[in-house]
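The structure file run_38.csv is reproduced below (CSV, C-alpha atoms).
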chain,number,residue,atom,x,y,z
A,1,MET,CA,-48.6,21.8,10.8
A,2,SER,CA,-47.6,22.0,7.1
A,3,ASP,CA,-45.7,19.4,5.1
A,4,LYS,CA,-43.2,22.0,3.8
A,5,PRO,CA,-39.6,21.3,4.4
A,6,LEU,CA,-38.0,23.5,7.1
A,7,SER,CA,-35.8,26.3,5.9
A,8,ARG,CA,-32.2,26.5,7.1
A,9,PHE,CA,-33.3,29.0,9.7
A,10,HIS,CA,-36.0,26.7,11.2
A,11,GLN,CA,-34.0,23.5,11.5
A,12,PRO,CA,-33.5,22.0,14.9
A,13,ILE,CA,-30.3,22.6,16.8
A,14,SER,CA,-27.9,19.8,16.2
A,15,VAL,CA,-25.1,18.4,18.3
A,16,PRO,CA,-21.9,20.5,17.9
A,17,GLY,CA,-19.0,18.8,16.1
A,18,ARG,CA,-16.7,19.0,13.1
A,19,ARG,CA,-18.6,19.9,10.0
A,20,LEU,CA,-16.0,21.6,7.8
A,21,LEU,CA,-16.9,20.7,4.2
A,22,HIS,CA,-18.3,17.3,5.2
A,23,HIS,CA,-21.4,17.9,3.2
A,24,ILE,CA,-19.3,17.8,0.0
A,25,PRO,CA,-19.4,14.3,-1.4
A,26,LEU,CA,-16.0,14.5,-3.2
A,27,ALA,CA,-13.5,12.4,-1.3
A,28,PHE,CA,-10.4,14.2,-2.6
A,29,VAL,CA,-11.8,17.5,-1.2
A,30,ARG,CA,-12.3,16.0,2.2
A,31,LYS,CA,-8.8,14.5,2.0
A,32,LYS,CA,-7.3,18.0,1.1
A,33,VAL,CA,-9.2,19.6,4.0
A,34,ALA,CA,-8.1,17.0,6.5
A,35,GLY,CA,-4.4,17.5,5.5
A,36,GLY,CA,-3.8,14.4,3.5
A,37,GLY,CA,-2.6,12.4,6.5
A,38,GLY,CA,-6.1,12.1,8.0
A,39,ARG,CA,-5.1,14.5,10.9
A,40,ALA,CA,-7.8,16.1,12.9
A,41,LEU,CA,-8.9,19.5,11.7
A,42,ASN,CA,-9.3,20.9,15.2
A,43,GLN,CA,-6.1,21.4,17.1
A,44,GLU,CA,-5.9,22.1,20.8
A,45,ILE,CA,-3.6,24.6,22.4
A,46,PRO,CA,-1.1,22.8,24.7
A,47,LEU,CA,-1.9,24.5,28.0
A,48,ILE,CA,0.6,22.7,30.2
A,49,PRO,CA,3.8,24.0,28.5
A,50,PHE,CA,2.2,27.5,28.2
A,51,ILE,CA,1.5,27.5,32.0
A,52,ASP,CA,5.0,26.3,32.7
A,53,PHE,CA,6.4,29.1,30.6
A,54,LEU,CA,4.3,31.7,32.4
A,55,LEU,CA,5.3,30.3,35.8
A,56,CYS,CA,9.0,30.6,34.8
A,57,ILE,CA,8.5,34.2,33.8
A,58,VAL,CA,6.8,35.1,37.0
A,59,LEU,CA,9.4,33.4,39.1
A,60,PHE,CA,12.2,35.2,37.2
A,61,LEU,CA,10.6,38.5,37.7
A,62,LEU,CA,10.0,37.9,41.4
A,63,ALA,CA,13.6,36.8,41.9
A,64,SER,CA,15.0,39.8,40.2
A,65,PHE,CA,12.7,42.4,41.8
A,66,SER,CA,14.2,44.5,44.6
A,67,ALA,CA,11.8,46.4,46.8
A,68,THR,CA,14.6,48.0,48.7
A,69,GLY,CA,15.8,50.0,45.7
A,70,GLU,CA,19.3,48.4,45.9
A,71,LEU,CA,21.2,48.5,42.6
A,72,PRO,CA,23.1,45.6,41.3
A,73,ILE,CA,26.8,46.2,41.5
A,74,ASP,CA,29.2,44.7,39.1
A,75,LYS,CA,31.1,41.9,40.8
A,76,ASN,CA,34.4,43.1,39.4
A,77,VAL,CA,34.0,46.6,41.0
A,78,LYS,CA,35.5,46.9,44.5
A,79,LEU,CA,34.0,50.1,46.0
A,80,PRO,CA,35.9,52.2,48.4
A,81,LYS,CA,34.7,52.5,52.0
A,82,ALA,CA,33.4,55.6,53.9
A,83,GLU,CA,32.0,56.5,57.3
A,84,ASN,CA,29.7,59.4,56.4
A,85,VAL,CA,27.2,58.0,53.8
A,86,LEU,CA,23.8,58.9,52.5
A,87,ASP,CA,21.1,56.7,50.9
A,88,MET,CA,21.0,56.3,47.2
A,89,VAL,CA,19.2,59.0,45.1
A,90,GLU,CA,17.6,58.5,41.7
A,91,ALA,CA,20.2,59.7,39.2
A,92,PRO,CA,22.3,58.4,36.2
A,93,MET,CA,24.8,55.8,37.4
A,94,VAL,CA,28.2,56.3,35.8
A,95,ALA,CA,30.3,53.1,36.4
A,96,VAL,CA,34.0,53.1,35.8
A,97,THR,CA,35.5,49.6,35.7
A,98,GLY,CA,39.1,48.7,34.8
A,99,THR,CA,38.8,49.7,31.1
A,100,GLN,CA,35.2,50.7,30.5
A,101,ILE,CA,32.9,53.6,31.4
A,102,LEU,CA,29.2,52.8,31.6
A,103,VAL,CA,26.1,55.0,32.0
A,104,ASP,CA,23.2,53.0,33.5
A,105,GLY,CA,24.9,49.8,32.1
A,106,VAL,CA,25.4,51.2,28.6
A,107,PRO,CA,29.0,51.6,27.3
A,108,ALA,CA,30.0,55.3,27.3
A,109,GLY,CA,33.7,55.3,26.7
A,110,ASN,CA,37.0,53.7,27.4
A,111,THR,CA,39.6,54.6,30.1
A,112,ARG,CA,42.6,53.6,28.0
A,113,ALA,CA,42.7,56.9,26.0
A,114,ILE,CA,42.8,58.9,29.3
A,115,GLU,CA,45.6,56.7,30.7
A,116,GLU,CA,47.6,56.9,27.5
A,117,ALA,CA,47.3,60.7,27.2
A,118,ASN,CA,48.3,61.0,30.9
A,119,ARG,CA,46.2,64.2,31.2
A,120,LEU,CA,42.7,65.3,32.0
A,121,GLN,CA,40.4,65.1,29.1
A,122,ARG,CA,36.7,65.1,28.3
A,123,VAL,CA,35.2,61.7,27.5
A,124,ASP,CA,33.0,62.6,24.5
A,125,GLU,CA,30.7,59.4,24.5
A,126,LEU,CA,30.1,60.0,28.3
A,127,PHE,CA,29.4,63.7,27.7
A,128,ASN,CA,26.9,62.9,24.9
A,129,GLN,CA,25.0,60.3,26.9
A,130,LEU,CA,24.7,62.4,30.0
A,131,LYS,CA,23.7,65.5,28.0
A,132,ASN,CA,20.9,63.3,26.3
A,133,LYS,CA,19.7,62.1,29.7
A,134,ARG,CA,19.6,65.7,31.0
A,135,GLU,CA,17.6,66.8,28.0
A,136,LEU,CA,15.2,63.9,28.4
A,137,TRP,CA,14.8,64.8,32.1
A,138,LYS,CA,13.9,68.4,31.2
A,139,GLN,CA,11.3,67.2,28.6
A,140,ILE,CA,9.7,64.8,31.2
A,141,ASN,CA,9.8,67.4,34.0
A,142,PRO,CA,9.0,70.8,32.3
A,143,GLY,CA,9.3,73.8,34.6
A,144,LYS,CA,11.2,72.0,37.3
A,145,PRO,CA,14.8,72.9,38.0
A,146,PHE,CA,17.3,70.2,36.9
A,147,PRO,CA,18.9,68.7,40.0
A,148,GLY,CA,22.1,67.8,38.1
A,149,VAL,CA,22.9,64.8,40.3
A,150,ALA,CA,24.9,61.8,39.0
A,151,VAL,CA,26.3,58.9,40.9
A,152,LEU,CA,29.8,57.6,40.2
A,153,GLN,CA,30.5,53.9,40.8
A,154,VAL,CA,34.2,53.7,40.6
A,155,ASP,CA,36.4,50.7,41.2
A,156,ARG,CA,39.0,51.6,43.8
A,157,ARG,CA,41.8,50.4,41.5
A,158,VAL,CA,41.0,53.0,38.8
A,159,PRO,CA,43.7,55.7,38.6
A,160,ALA,CA,42.8,59.2,40.0
A,161,LEU,CA,43.4,60.8,36.6
A,162,VAL,CA,40.5,58.7,35.1
A,163,VAL,CA,38.2,59.5,38.0
A,164,LYS,CA,39.0,63.3,37.6
A,165,SER,CA,38.3,63.1,33.9
A,166,VAL,CA,35.0,61.3,34.4
A,167,PHE,CA,34.0,63.8,37.2
A,168,GLN,CA,34.9,66.8,35.0
A,169,THR,CA,33.1,65.4,32.0
A,170,ALA,CA,29.9,64.9,34.1
A,171,ALA,CA,30.2,68.5,35.3
A,172,PHE,CA,30.5,69.8,31.7
A,173,ALA,CA,27.4,67.7,30.7
A,174,GLY,CA,25.4,69.6,33.3
A,175,TYR,CA,25.8,67.3,36.4
A,176,PRO,CA,27.7,69.5,39.0
A,177,ASN,CA,26.3,67.4,41.9
A,178,ILE,CA,28.3,64.2,41.9
A,179,SER,CA,27.9,61.5,44.5
A,180,PHE,CA,30.3,58.6,44.8
A,181,MET,CA,28.9,55.1,45.5
A,182,VAL,CA,30.9,53.6,48.4
A,183,GLY,CA,30.5,50.8,50.8
A,184,ARG,CA,29.9,51.4,54.5
A,185,LEU,CA,32.9,51.0,56.7
A,186,GLY,CA,32.3,47.8,58.7
A,187,GLY,CA,29.6,46.8,56.3
A,188,GLU,CA,29.3,43.6,54.3
A,189,GLY,CA,31.9,42.9,51.7
A,190,GLY,CA,34.6,44.9,53.5
A,191,GLU,CA,38.3,43.9,53.2
Translate this file's structure into structure tokens.
Amino acid sequence: MSDKPLSRFHQPISVPGRRLLHHIPLAFVRKKVAGGGGRALNQEIPLIPFIDFLLCIVLFLLASFSATGELPIDKNVKLPKAENVLDMVEAPMVAVTGTQILVDGVPAGNTRAIEEANRLQRVDELFNQLKNKRELWKQINPGKPFPGVAVLQVDRRVPALVVKSVFQTAAFAGYPNISFMVGRLGGEGGE
């Protein structure tokens, strides 16, 4: 064996540990690297809070998941009852509450203007949102005929004039097949 010093590629493997700039003899550089307060340079990720956070997310998603396809209904909306009912279909949900019109939960107009005018009229915001949904459906499903189905979720206290205006606006927007969301007679939540 020769008496030559080993090159850096031929040095023995050393025990792992912190070595960041420890070979520099200047104390002020070491102090700057360590952060001045003598804190450790290697920080650990706090796993327990991270696992708690992920567990909360998973539990929230499991609690809000509905395998039956039931839609959440606004607690303020009292649905009318009917005997002859069909199961829900996948279509835009137009909800009419006391003063608001919503399309899939997004505001799409106000009922006050219809009530004040005391006549049938087209709700422009509702028309535009339904038209955009129809165009999007046609882009996603090219070559298929558009079913034109919309579901109206109307509070039973909403005046008939407002219901007719919303119904007519949906038809003008390309949704001639309108279904009304109702509760089953004798079902839960009946009055």
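In this model, the gap between atom CA of Met181 of chain A and atom CA of Arg157 of chain A comes to 14.3 Å.
The space separating atom CA of Pro142 of chain A from atom CA of Arg122 of chain A comes to 28.6 Å.
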Item to check | Two-atom distance - atom CA of Val158 of chain A, atom CA of Thr97 of chain A (Å) | outcome: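 We find that atom CA of Val158 of chain A and atom CA of Thr97 of chain A lie 7.2 Å from each other.
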Checklist entry - Hey, which of A:Ala95, A:Asp104, A:Gly109, A:Asn132 ends up closest to Leu152 of chain A? Count only C-alpha atoms. => result A:Ala95
Next on the checklist: Please list as a list in words every residue within 6 Å of Val151 of chain A, counting only C-alpha atoms and excluding residues in the same chain fewer than 6 positions away.
Outcome noted: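 Surrounding residues, per the criterion: Met93, Ile178, Ser179 and Phe180 of chain A.
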